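A.B. asks: Dropping in target13.pdb, which is PDB, C-alpha atoms:
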```
MODEL        1
ATOM      1  CA  MET A   1     -15.443  -9.683  -4.317
ATOM      2  CA  ALA A   2     -12.635  -9.018  -6.780
ATOM      3  CA  ILE A   3     -10.399  -5.950  -6.588
ATOM      4  CA  SER A   4     -10.948  -3.116  -9.058
ATOM      5  CA  GLU A   5      -7.298  -3.399 -10.172
ATOM      6  CA  ALA A   6      -8.108  -6.760 -11.732
ATOM      7  CA  TRP A   7      -4.820  -6.838 -13.656
ATOM      8  CA  LEU A   8      -3.006  -7.258 -10.318
ATOM      9  CA  GLU A   9      -4.911 -10.362  -9.195
ATOM     10  CA  PRO A  10      -2.465 -12.814 -10.858
ATOM     11  CA  TYR A  11       0.281 -11.403  -8.639
ATOM     12  CA  ILE A  12      -1.600 -12.076  -5.378
ATOM     13  CA  PRO A  13      -0.757 -15.446  -3.779
ATOM     14  CA  ALA A  14      -3.626 -17.927  -3.966
ATOM     15  CA  ARG A  15      -3.285 -18.748  -0.280
ATOM     16  CA  GLY A  16      -1.110 -18.071   2.733
ATOM     17  CA  GLY A  17      -0.935 -17.484   6.443
ATOM     18  CA  VAL A  18      -0.743 -13.737   7.092
ATOM     19  CA  ALA A  19      -1.375 -10.799   4.773
ATOM     20  CA  VAL A  20      -1.069  -7.098   5.626
ATOM     21  CA  ASP A  21      -3.229  -4.579   3.751
ATOM     22  CA  VAL A  22      -1.507  -1.224   4.295
ATOM     23  CA  GLY A  23      -3.869   1.577   3.342
ATOM     24  CA  ALA A  24      -6.904  -0.681   3.594
ATOM     25  CA  ASN A  25      -9.276   2.170   2.715
ATOM     26  CA  HIS A  26     -12.850   0.853   2.555
ATOM     27  CA  GLY A  27     -11.687  -2.785   2.508
ATOM     28  CA  GLU A  28     -11.841  -3.886  -1.127
ATOM     29  CA  TRP A  29      -8.392  -5.493  -1.011
ATOM     30  CA  THR A  30      -8.961  -6.632   2.569
ATOM     31  CA  ARG A  31     -11.995  -8.691   1.560
ATOM     32  CA  GLU A  32     -10.154 -10.305  -1.330
ATOM     33  CA  LEU A  33      -7.143 -11.103   0.831
ATOM     34  CA  ALA A  34      -9.427 -12.571   3.524
ATOM     35  CA  ARG A  35     -10.527 -15.180   0.978
ATOM     36  CA  ARG A  36      -6.917 -16.245   0.413
ATOM     37  CA  PHE A  37      -5.149 -15.871   3.764
ATOM     38  CA  GLU A  38      -5.732 -17.245   7.240
ATOM     39  CA  THR A  39      -5.352 -13.790   8.833
ATOM     40  CA  VAL A  40      -5.450 -10.313   7.295
ATOM     41  CA  TYR A  41      -4.319  -7.162   9.088
ATOM     42  CA  ALA A  42      -6.062  -4.072   7.710
ATOM     43  CA  VAL A  43      -3.899  -1.017   8.446
ATOM     44  CA  GLU A  44      -5.926   2.173   8.014
ATOM     45  CA  PRO A  45      -5.652   5.446   9.994
ATOM     46  CA  ASN A  46      -8.781   7.123   8.581
ATOM     47  CA  PRO A  47     -11.301   7.190  11.457
ATOM     48  CA  ALA A  48     -14.147   7.582   8.948
ATOM     49  CA  LEU A  49     -13.465   4.059   7.679
ATOM     50  CA  GLY A  50     -12.953   2.197  10.946
ATOM     51  CA  GLU A  51     -16.483   0.870  11.367
ATOM     52  CA  GLN A  52     -16.617  -0.239   7.739
ATOM     53  CA  LEU A  53     -13.429  -2.279   8.162
ATOM     54  CA  LEU A  54     -14.489  -3.711  11.531
ATOM     55  CA  ALA A  55     -17.738  -4.888   9.936
ATOM     56  CA  ILE A  56     -15.784  -7.264   7.680
ATOM     57  CA  GLY A  57     -15.061  -9.404  10.747
ATOM     58  CA  GLY A  58     -14.018 -13.008  10.365
ATOM     59  CA  ASN A  59     -10.273 -13.404   9.904
ATOM     60  CA  VAL A  60      -9.624  -9.646   9.557
ATOM     61  CA  GLU A  61      -7.856  -7.668  12.287
ATOM     62  CA  VAL A  62      -8.129  -3.882  11.978
ATOM     63  CA  LEU A  63      -5.146  -1.750  13.016
ATOM     64  CA  PRO A  64      -6.406   1.887  13.154
ATOM     65  CA  VAL A  65      -3.011   3.534  12.668
ATOM     66  CA  GLY A  66      -0.998   4.854   9.770
ATOM     67  CA  ALA A  67       2.131   3.058   8.607
ATOM     68  CA  TRP A  68       5.349   5.077   8.503
ATOM     69  CA  SER A  69       9.100   4.737   9.026
ATOM     70  CA  VAL A  70       9.057   6.020  12.632
ATOM     71  CA  PRO A  71       6.383   6.304  15.343
ATOM     72  CA  GLU A  72       4.974   9.834  15.283
ATOM     73  CA  TRP A  73       1.878  11.965  14.802
ATOM     74  CA  TYR A  74       1.486  13.168  11.190
ATOM     75  CA  GLU A  75      -0.703  15.740   9.497
ATOM     76  CA  PHE A  76      -2.911  14.170   6.814
ATOM     77  CA  THR A  77      -4.680  16.123   4.076
ATOM     78  CA  THR A  78      -8.394  15.346   3.802
ATOM     79  CA  TYR A  79     -10.321  15.457   0.517
ATOM     80  CA  GLY A  80     -13.803  15.778  -0.892
ATOM     81  CA  GLN A  81     -13.925  12.002  -1.226
ATOM     82  CA  ASP A  82     -13.718  10.922   2.414
ATOM     83  CA  VAL A  83     -12.099   7.579   1.594
ATOM     84  CA  HIS A  84      -8.858   9.423   0.788
ATOM     85  CA  LEU A  85      -6.150  10.756   3.074
ATOM     86  CA  SER A  86      -2.532  11.643   2.391
ATOM     87  CA  ALA A  87       0.357  12.586   4.647
ATOM     88  CA  PHE A  88       2.457  13.239   1.559
ATOM     89  CA  PHE A  89       0.343  15.217  -0.904
ATOM     90  CA  ALA A  90      -1.299  18.555  -0.094
ATOM     91  CA  HIS A  91      -3.095  18.761  -3.452
ATOM     92  CA  GLY A  92      -5.778  16.648  -5.091
ATOM     93  CA  GLY A  93      -4.960  13.396  -6.838
ATOM     94  CA  ILE A  94      -6.653  10.574  -8.717
ATOM     95  CA  ASN A  95     -10.308  10.347  -7.632
ATOM     96  CA  THR A  96      -9.687  12.324  -4.425
ATOM     97  CA  GLY A  97     -11.683  15.471  -5.028
ATOM     98  CA  GLU A  98     -10.299  18.796  -3.800
ATOM     99  CA  PRO A  99      -8.453  19.109  -0.456
ATOM    100  CA  THR A 100     -10.857  20.010   2.360
ATOM    101  CA  GLY A 101      -8.583  20.325   5.390
ATOM    102  CA  SER A 102      -6.295  18.223   7.520
ATOM    103  CA  VAL A 103      -6.297  15.836  10.465
ATOM    104  CA  ARG A 104      -3.527  14.664  12.798
ATOM    105  CA  LEU A 105      -3.211  10.894  13.067
ATOM    106  CA  TRP A 106      -0.859   8.460  14.771
ATOM    107  CA  CYS A 107       1.552   6.453  12.608
ATOM    108  CA  GLN A 108       4.095   3.756  13.373
ATOM    109  CA  PRO A 109       6.328   1.242  11.570
ATOM    110  CA  ILE A 110       4.879  -2.088  10.494
ATOM    111  CA  ASP A 111       7.769  -3.635  12.417
ATOM    112  CA  GLU A 112       6.214  -2.258  15.635
ATOM    113  CA  MET A 113       2.601  -3.250  14.926
ATOM    114  CA  PRO A 114       0.977  -6.200  16.762
ATOM    115  CA  ILE A 115       1.149  -8.577  13.807
ATOM    116  CA  ALA A 116       1.359 -12.230  14.810
ATOM    117  CA  GLY A 117       2.904 -14.910  12.627
ATOM    118  CA  ARG A 118       5.050 -14.953   9.532
ATOM    119  CA  VAL A 119       3.901 -12.366   6.987
ATOM    120  CA  ASP A 120       3.434 -13.878   3.522
ATOM    121  CA  PHE A 121       2.086 -10.877   1.605
ATOM    122  CA  ILE A 122       1.943  -7.089   1.943
ATOM    123  CA  LYS A 123      -0.083  -4.707  -0.202
ATOM    124  CA  ILE A 124       0.793  -1.003   0.134
ATOM    125  CA  ASP A 125      -1.354   1.863  -1.184
ATOM    126  CA  VAL A 126      -0.709   4.957   0.906
ATOM    127  CA  ALA A 127      -0.968   7.980  -1.412
ATOM    128  CA  GLY A 128       2.692   8.916  -1.570
ATOM    129  CA  ALA A 129       4.091   7.526   1.697
ATOM    130  CA  GLU A 130       4.973   4.131   0.233
ATOM    131  CA  ARG A 131       8.738   4.477   0.677
ATOM    132  CA  GLU A 132       8.316   5.409   4.346
ATOM    133  CA  VAL A 133       6.103   2.339   4.836
ATOM    134  CA  VAL A 134       8.718   0.062   3.264
ATOM    135  CA  LEU A 135      11.492   1.496   5.432
ATOM    136  CA  GLY A 136       9.348   0.943   8.520
ATOM    137  CA  ALA A 137       8.861  -2.704   7.545
ATOM    138  CA  GLU A 138      12.523  -3.553   6.962
ATOM    139  CA  THR A 139      12.769  -6.177   9.718
ATOM    140  CA  THR A 140       9.501  -7.844   8.673
ATOM    141  CA  ILE A 141      10.517  -7.877   5.008
ATOM    142  CA  GLN A 142      14.061  -9.097   5.630
ATOM    143  CA  HIS A 143      12.961 -11.798   8.093
ATOM    144  CA  ASP A 144       9.677 -13.067   6.604
ATOM    145  CA  ARG A 145      10.419 -12.480   2.895
ATOM    146  CA  PRO A 146       6.797 -11.668   1.935
ATOM    147  CA  ARG A 147       5.636 -10.913  -1.569
ATOM    148  CA  LEU A 148       4.626  -7.283  -2.006
ATOM    149  CA  ILE A 149       2.455  -5.188  -4.286
ATOM    150  CA  ILE A 150       3.156  -1.475  -3.882
ATOM    151  CA  GLU A 151       1.239   1.310  -5.588
ATOM    152  CA  ALA A 152       3.825   3.966  -6.495
ATOM    153  CA  HIS A 153       2.533   7.527  -6.702
ATOM    154  CA  THR A 154       5.682   9.270  -7.949
ATOM    155  CA  TYR A 155       8.470   8.209 -10.274
ATOM    156  CA  ILE A 156      11.265   8.896  -7.797
ATOM    157  CA  LYS A 157       9.521   7.105  -4.906
ATOM    158  CA  GLY A 158       8.999   4.029  -7.064
ATOM    159  CA  LEU A 159      12.631   4.103  -8.161
ATOM    160  CA  LEU A 160      13.921   4.414  -4.588
ATOM    161  CA  ILE A 161      11.640   1.616  -3.366
ATOM    162  CA  ALA A 162      12.814  -0.660  -6.166
ATOM    163  CA  GLN A 163      16.453   0.082  -5.359
ATOM    164  CA  THR A 164      15.908  -0.636  -1.667
ATOM    165  CA  LEU A 165      14.090  -3.916  -2.257
ATOM    166  CA  LYS A 166      16.689  -5.069  -4.759
ATOM    167  CA  MET A 167      19.342  -4.477  -2.088
ATOM    168  CA  TRP A 168      17.235  -6.651   0.215
ATOM    169  CA  GLY A 169      17.247  -9.488  -2.312
ATOM    170  CA  TYR A 170      14.006  -8.880  -4.202
ATOM    171  CA  ALA A 171      13.097  -9.018  -7.862
ATOM    172  CA  VAL A 172      10.984  -5.963  -8.737
ATOM    173  CA  GLU A 173       8.663  -5.595 -11.721
ATOM    174  CA  ALA A 174       6.835  -2.394 -12.688
ATOM    175  CA  VAL A 175       3.219  -3.047 -13.691
ATOM    176  CA  ARG A 176       1.185  -0.342 -15.390
ATOM    177  CA  HIS A 177      -2.493   0.084 -16.106
ATOM    178  CA  PRO A 178      -3.480  -2.250 -18.967
ATOM    179  CA  ALA A 179      -4.826   0.717 -20.934
ATOM    180  CA  TYR A 180      -1.197   1.618 -21.595
ATOM    181  CA  THR A 181       0.591  -0.767 -23.925
ATOM    182  CA  GLU A 182       3.323   1.767 -24.643
ATOM    183  CA  VAL A 183       4.533   5.072 -23.234
ATOM    184  CA  PRO A 184       1.778   7.650 -23.976
ATOM    185  CA  ASN A 185       2.354  11.236 -25.077
ATOM    186  CA  ASP A 186       1.225  12.364 -21.625
ATOM    187  CA  VAL A 187       3.542  10.350 -19.392
ATOM    188  CA  THR A 188       2.030  11.524 -16.093
ATOM    189  CA  LEU A 189       0.138   8.319 -15.337
ATOM    190  CA  TRP A 190       2.930   6.214 -16.842
ATOM    191  CA  ASP A 191       5.701   7.653 -14.676
ATOM    192  CA  GLU A 192       3.792   8.920 -11.646
ATOM    193  CA  HIS A 193       1.271   6.145 -10.981
ATOM    194  CA  TYR A 194       2.048   2.455 -11.351
ATOM    195  CA  TRP A 195       2.552  -0.688  -9.274
ATOM    196  CA  LEU A 196       5.643  -2.539  -8.121
ATOM    197  CA  VAL A 197       5.346  -6.314  -7.852
ATOM    198  CA  CYS A 198       8.126  -7.517  -5.581
ATOM    199  CA  ASN A 199       9.141 -11.142  -5.011
ATOM    200  CA  PRO A 200      12.063 -12.483  -2.966
ATOM    201  CA  ASP A 201      14.839 -13.924  -5.131
TER     202      ASP A 201
ENDMDL
END
```
Using the file provided, produce a representation of the structure as structure tokens.
C.D. replies:
Amino acid sequence: MAISEAWLEPYIPARGGVAVDVGANHGEWTRELARRFETVYAVEPNPALGEQLLAIGGNVEVLPVGAWSVPEWYEFTTYGQDVHLSAFFAHGGINTGEPTGSVRLWCQPIDEMPIAGRVDFIKIDVAGAEREVVLGAETTIQHDRPRLIIEAHTYIKGLLIAQTLKMWGYAVEAVRHPAYTEVPNDVTLWDEHYWLVCNPD
């Protein structure tokens, strides 16, 4: 099963030992990564998606927590589309539907999660909390030097993540939706929603 962001597939390693899917959602990326890696850790705090992720089985380990920079309970906004949660945005976003309420969920740094082995790849899609996830994975990133694909949901967050990873010895490339071959008149999706492909120098 290929990922819907097909333009990102060339940036995913063909094979490896351990991959971490942060913001696993309903498991689309998890399934693709399970074809390529010996072990995949699916990090997803949404209790509505737990059984769906557990059903993947095989070489997938489900970690039912949110990823953040420090261990703490956080308030997540819920939306009309129950596959979406955000601890960062209080309003609706791309394909989320309208906000419907909130739920308190436990979060912790990737560095403190029970992940065994050297991490070769990390995908991060966490609806605005991507910088916090990166900061909570500093030891893992600095020690294991994984490749990363990070979905950036704001211009400033993407910029700060890129600056941090460059300080940690990474080359960072911004990848945008293939529908955009140049900056459009409406720059919202250009500046506020794109992907960072990060490789150790």
A.B. asks: Quick one, how far is atom CA of Glu5 of chain A from atom CA of Gly169 of chain A?
C.D. replies: 26.5 Å
A.B. asks: Contacts of Arg131 of chain A at 9 Å or less, counting all atoms listed in the file, minus same-chain residues fewer than 5 places along, as a ChimeraX atom specification?
C.D. replies: /A:68-69,136,152,157-158,160-161
A.B. asks: Could you tell me which residues the PyMOL selection byres ((chain A and resi 18) around 9) grabs in this file, written as number ranges by chain?
C.D. replies: A: 16-17, 19-20, 37-41, 115-122
A.B. asks: Applying the PyMOL selection byres ((chain A and resi 166) around 12) to the file I just gave you, which residues come out? Please list them as a list of chain:residue names.
C.D. replies: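 In the shown coordinates, the PyMOL selection byres ((chain A and resi 166) around 12) covers A:Ile141, A:Gln142, A:Leu159, A:Leu160, A:Ile161, A:Ala162, A:Gln163, A:Thr164, A:Leu165, A:Met167, A:Trp168, A:Gly169, A:Tyr170, A:Ala171, A:Val172, A:Glu173, A:Leu196, A:Val197, A:Cys198, A:Asn199, A:Pro200, A:Asp201.
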A.B. asks: Of the candidates A:Val134, A:Val175, A:Ile156, A:Ala48, which one gets nearest to Glu9 of chain A if we count only C-alpha atoms?
C.D. replies: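 Counting only C-alpha atoms, the residue closest to Glu9 of chain A is A:Val175.
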A.B. asks: Convert the output of the PyMOL selection byres ((chain A and resi 102) around 8) on the shown file into explicit residues, formatted as a PyMOL selection string.
C.D. replies: chain A and resi 75-78+100-101+103-104
A.B. asks: So what do you get for atom CA of Val70 of chain A versus atom CA of Ala129 of chain A, distance-wise?
C.D. replies: 12.1 Å
A.B. asks: Is it possible to get the axis-aligned box enclosing segment 135-144 of chain A (all listed atoms, 3 Å extra per side) as lines of an AutoDock Vina configuration file, with centre and edge lengths in Å rounded to one decimal?
C.D. replies:
```
center_x = 11.5
center_y = -5.8
center_z = 7.4
size_x = 11.2
size_y = 20.6
size_z = 10.7
```
A.B. asks: When you count all atoms listed in the file, which of these residues is closest to Pro146 of chain A: A:Leu53, A:Tyr79, A:Lys123, A:Cys107?
C.D. replies: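 Going through A:Leu53, A:Tyr79, A:Lys123, A:Cys107 one by one, the smallest distance to Pro146 of chain A is for A:Lys123.
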A.B. asks: Near Pro45 of chain A, within 9 Å and counting all atoms listed in the file, which residues show up once chain neighbours fewer than 2 positions away are dropped, as a PyMOL selection string?
C.D. replies: chain A and resi 23-25+43+47-50+63-67+85+105-107
A.B. asks: Export C-alpha atoms of the chosen residues as a compact mmCIF listing (two decimals), in the coordinates of the input?
C.D. replies:
```
# COMPACT_ATOMS: atom_id res chain seq x y z
CA GLY A 23 -3.87 1.58 3.34
CA ALA A 24 -6.90 -0.68 3.59
CA ASN A 25 -9.28 2.17 2.72
CA VAL A 43 -3.90 -1.02 8.45
CA PRO A 47 -11.30 7.19 11.46
CA ALA A 48 -14.15 7.58 8.95
CA LEU A 49 -13.46 4.06 7.68
CA GLY A 50 -12.95 2.20 10.95
CA LEU A 63 -5.15 -1.75 13.02
CA PRO A 64 -6.41 1.89 13.15
CA VAL A 65 -3.01 3.53 12.67
CA GLY A 66 -1.00 4.85 9.77
CA ALA A 67 2.13 3.06 8.61
CA LEU A 85 -6.15 10.76 3.07
CA LEU A 105 -3.21 10.89 13.07
CA TRP A 106 -0.86 8.46 14.77
CA CYS A 107 1.55 6.45 12.61
```
A.B. asks: One decimal, Å: what's the distance from atom CA of Pro114 of chain A over to atom CA of Ile3 of chain A, could you say?
C.D. replies: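 Interatomic distance here is 26.0 Å.
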A.B. asks: A:Glu28, A:Leu135, A:Gly58, A:Val22: which is nearest Asn46 of chain A, counting all atoms listed in the file?
C.D. replies: A:Val22
A.B. asks: Excluding Ala6 of chain A and residues on its chain fewer than 2 positions from it, collect all residues at most 12 Å away from it, counting only C-alpha atoms, and give them as a PyMOL selection string.
C.D. replies: chain A and resi 1-4+8-12+28-29+32+176-178
A.B. asks: Pick the closest to Pro13 of chain A from A:Ile149, A:Ala179, A:Ala174, A:Ile124: which is it, counting all atoms listed in the file?
C.D. replies: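 Checking each of A:Ile149, A:Ala179, A:Ala174, A:Ile124 against Pro13 of chain A, counting all atoms listed in the file, the winner is A:Ile149.
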A.B. asks: Restricting the calculation to only C-alpha atoms, which member of A:Glu112, A:Gly128, A:His193, A:Thr30 is positioned closest to Ala55 of chain A?
C.D. replies: A:Thr30
A.B. asks: Measuring atom to atom with all atoms listed in the file, identify which of A:Glu51, A:Gly27, A:Ala42, A:Val133 is nearest to Pro71 of chain A.
C.D. replies: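 For Pro71 of chain A, the nearest of the candidates is A:Val133.
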A.B. asks: Name the residues within 6 Å of (6.5, -6.8, 10.1), counting all atoms listed in the file in the file's coordinates, and put them as a ChimeraX atom specification.
C.D. replies: /A:110-111,137,140
A.B. asks: Atoms are missing here; could segment 122-147 of chain A be completed with N, CA and C atoms and written as a short mmCIF file (atom, residue, chain, number, x, y, z; two decimals), in the coordinates of the input?
C.D. replies:
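Resulting contents of selection14.cif:
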```cif
data_model
loop_
_atom_site.label_atom_id
_atom_site.label_comp_id
_atom_site.auth_asym_id
_atom_site.auth_seq_id
_atom_site.Cartn_x
_atom_site.Cartn_y
_atom_site.Cartn_z
N ILE A 122 2.25 -8.46 1.54
CA ILE A 122 1.94 -7.09 1.94
C ILE A 122 1.50 -6.30 0.71
N LYS A 123 0.36 -5.65 0.82
CA LYS A 123 -0.08 -4.71 -0.20
C LYS A 123 0.02 -3.31 0.40
N ILE A 124 0.60 -2.37 -0.36
CA ILE A 124 0.79 -1.00 0.13
C ILE A 124 0.19 -0.01 -0.86
N ASP A 125 -0.77 0.77 -0.39
CA ASP A 125 -1.35 1.86 -1.18
C ASP A 125 -1.61 3.01 -0.22
N VAL A 126 -0.66 3.95 -0.15
CA VAL A 126 -0.71 4.96 0.91
C VAL A 126 -0.51 6.38 0.38
N ALA A 127 -0.90 6.62 -0.86
CA ALA A 127 -0.97 7.98 -1.41
C ALA A 127 0.31 8.79 -1.22
N GLY A 128 1.44 8.18 -1.57
CA GLY A 128 2.69 8.92 -1.57
C GLY A 128 3.67 8.56 -0.47
N ALA A 129 3.21 7.86 0.58
CA ALA A 129 4.09 7.53 1.70
C ALA A 129 4.65 6.11 1.58
N GLU A 130 4.60 5.54 0.38
CA GLU A 130 4.97 4.13 0.23
C GLU A 130 6.42 3.83 0.62
N ARG A 131 7.35 4.74 0.31
CA ARG A 131 8.74 4.48 0.68
C ARG A 131 8.90 4.46 2.19
N GLU A 132 8.25 5.38 2.89
CA GLU A 132 8.32 5.41 4.35
C GLU A 132 7.76 4.12 4.95
N VAL A 133 6.68 3.59 4.35
CA VAL A 133 6.10 2.34 4.84
C VAL A 133 7.10 1.19 4.67
N VAL A 134 7.74 1.12 3.51
CA VAL A 134 8.72 0.06 3.26
C VAL A 134 9.88 0.15 4.26
N LEU A 135 10.39 1.34 4.49
CA LEU A 135 11.49 1.50 5.43
C LEU A 135 11.09 1.09 6.84
N GLY A 136 9.84 1.33 7.20
CA GLY A 136 9.35 0.94 8.52
C GLY A 136 9.00 -0.53 8.64
N ALA A 137 9.14 -1.26 7.54
CA ALA A 137 8.86 -2.70 7.54
C ALA A 137 10.12 -3.51 7.24
N GLU A 138 11.28 -2.88 7.37
CA GLU A 138 12.52 -3.55 6.96
C GLU A 138 12.73 -4.89 7.67
N THR A 139 12.55 -4.93 8.98
CA THR A 139 12.77 -6.18 9.72
C THR A 139 11.79 -7.25 9.27
N THR A 140 10.52 -6.88 9.12
CA THR A 140 9.50 -7.84 8.67
C THR A 140 9.84 -8.37 7.28
N ILE A 141 10.22 -7.48 6.38
CA ILE A 141 10.52 -7.88 5.01
C ILE A 141 11.77 -8.75 4.96
N GLN A 142 12.81 -8.34 5.67
CA GLN A 142 14.06 -9.10 5.63
C GLN A 142 13.91 -10.47 6.29
N HIS A 143 13.11 -10.54 7.35
CA HIS A 143 12.96 -11.80 8.09
C HIS A 143 11.95 -12.74 7.45
N ASP A 144 10.77 -12.21 7.08
CA ASP A 144 9.68 -13.07 6.60
C ASP A 144 9.69 -13.28 5.10
N ARG A 145 10.33 -12.39 4.35
CA ARG A 145 10.42 -12.48 2.90
C ARG A 145 9.04 -12.56 2.22
N PRO A 146 8.13 -11.64 2.57
CA PRO A 146 6.80 -11.67 1.94
C PRO A 146 6.86 -11.19 0.49
N ARG A 147 5.86 -11.56 -0.28
CA ARG A 147 5.64 -10.91 -1.57
C ARG A 147 4.97 -9.57 -1.30
#
```
